[in-house]
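What follows is a short report on a single structure.
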Amino acid sequence: MNAGEVATSHKHMANALRFIMEGEGAYTIVDGERITLGRNDFVLTPNGTWHEHGVDASGSTCIWQDGLDIPLVNALDANFFTVHKDLQQKQDKPTDSSFSAYGGGFLLPADARSNWKNPYSPMLKYPWEPTYEALRRAAKTSAGSPYDGILMEYVNPVTGGPVMGTIGASMQLLRPGEQTRSHRHTGSFIYQAAKGSGHSIVDGQRFDWKERDIFVVPSWAPHSHANASASDDACLFAFNDLPVMRALGLIAEEAAE
């Protein structure tokens with residue numbers, strides 16, 4: 001979106017997410033909460049929520065990656081799309097209030113479990129800075145996974161489960177020079193390189209990546225990742241359909257050297 005552009009408010013049955021790639025001044029409004037969009041922020045627009053997007057006139061051209069579960073919802077004949085009767089919605093909550101209200105994912109309001117009944121995370125924005133800091137802290141104290149390095153899932157702070165009922169998301173850190181072992185699992189993953197550069201070998205084919213490149217790992221495809229730098233971290237954002245796989249009892253995983 002360019003500076004000054006605004007998209008009409010709407011809602012649909014499909015869950016949606018966005019991972020911010022570049023630009024300044026972008027925002028989304030979700031059910032009355034204005035959410036600022038910064039580089040590498042992960043933001044939810046869950047199914048059934050009114051949402052709209054825009055870029056302040058003082059901002060710059062902004063680009064983000066969208067991810068939705070439209071293929072699944074369409075296959076179930078359950079998708080609906082509605083445009084807001086006023087075209088734009090009122091902002092009736094403080095900016096970025098859900099992140100603040102839920103302790104930035106580290107603390108939980110005492111009444112959250114009794115008050116929050118929606119099937120998605122009440123925290124609609126997961127900023128990059130605390131995400132990366134959590135990964136770095138974990139890297140100092142844990143060897144991580146031989147298949148994924150330091151891998152952390154974004155979670156619903158109320159349930160500890162996935163951020164939305166059909167879409168899970170994660171961020172992983174590869175230490176300088178780290179190369180993971182190959183494995184495969186059910187569930188499809190869409191990756192974006194959030195930091196650094198490296199390569200992934202997917203089903204025997206090498207894909208070199210750098211920041212903002214996007215690649216996919218289909219279900220049950222053997223894959224491994226490698227950080228090309230000997231001095232700096234590499235980070236990979238991913239979203240997936242694991243919540244559906246878990247709900248249907250279809251999870252399987254094995255080493256694939």
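We label chains A, B, ... in the order they appear in the structure tokens, count residues from 1 in each chain, and number ligands from 1 in the order shown.
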
Discussion item. Can you pull out the residues contacting Pro218 of chain A? Cut-off 10 Å, using only C-alpha atoms, and skip same-chain residues under 2 positions away; I want them as a VMD selection string.
Written reply: chain A and resid 184 to 190 202 to 203 215 to 216 220 to 223 240

Worksheet item: Leaving out Ile214 of chain A and any residue of its chain fewer than 3 positions from it, which residues lie within 7 Å of it when counting only C-alpha atoms, given as a PyMOL selection string?
Response: chain A and resi 191-193

Worksheet item: Of the candidates A:Asp233, A:Glu153, A:Glu33, A:Asp208, which shows the shortest atom-to-atom distance to Lys93 of chain A, using only C-alpha atoms?
Response: A:Glu33

Practice prompt. Give me the residues within 7 Å of Asp41 of chain A as number ranges by chain, counting only C-alpha atoms and dropping any in the same chain fewer than 2 places off.
Written response: A: 19-20, 37-39, 43, 126-128

Worksheet entry | segment 163-168 of chain A surroundings by only C-alpha atoms, 12 Å radius, close-in-sequence under 6 positions cut, as a PyMOL selection string | chain A and resi 13-18+42-48+67-73+105+118-126+152-157+187-190+237-248
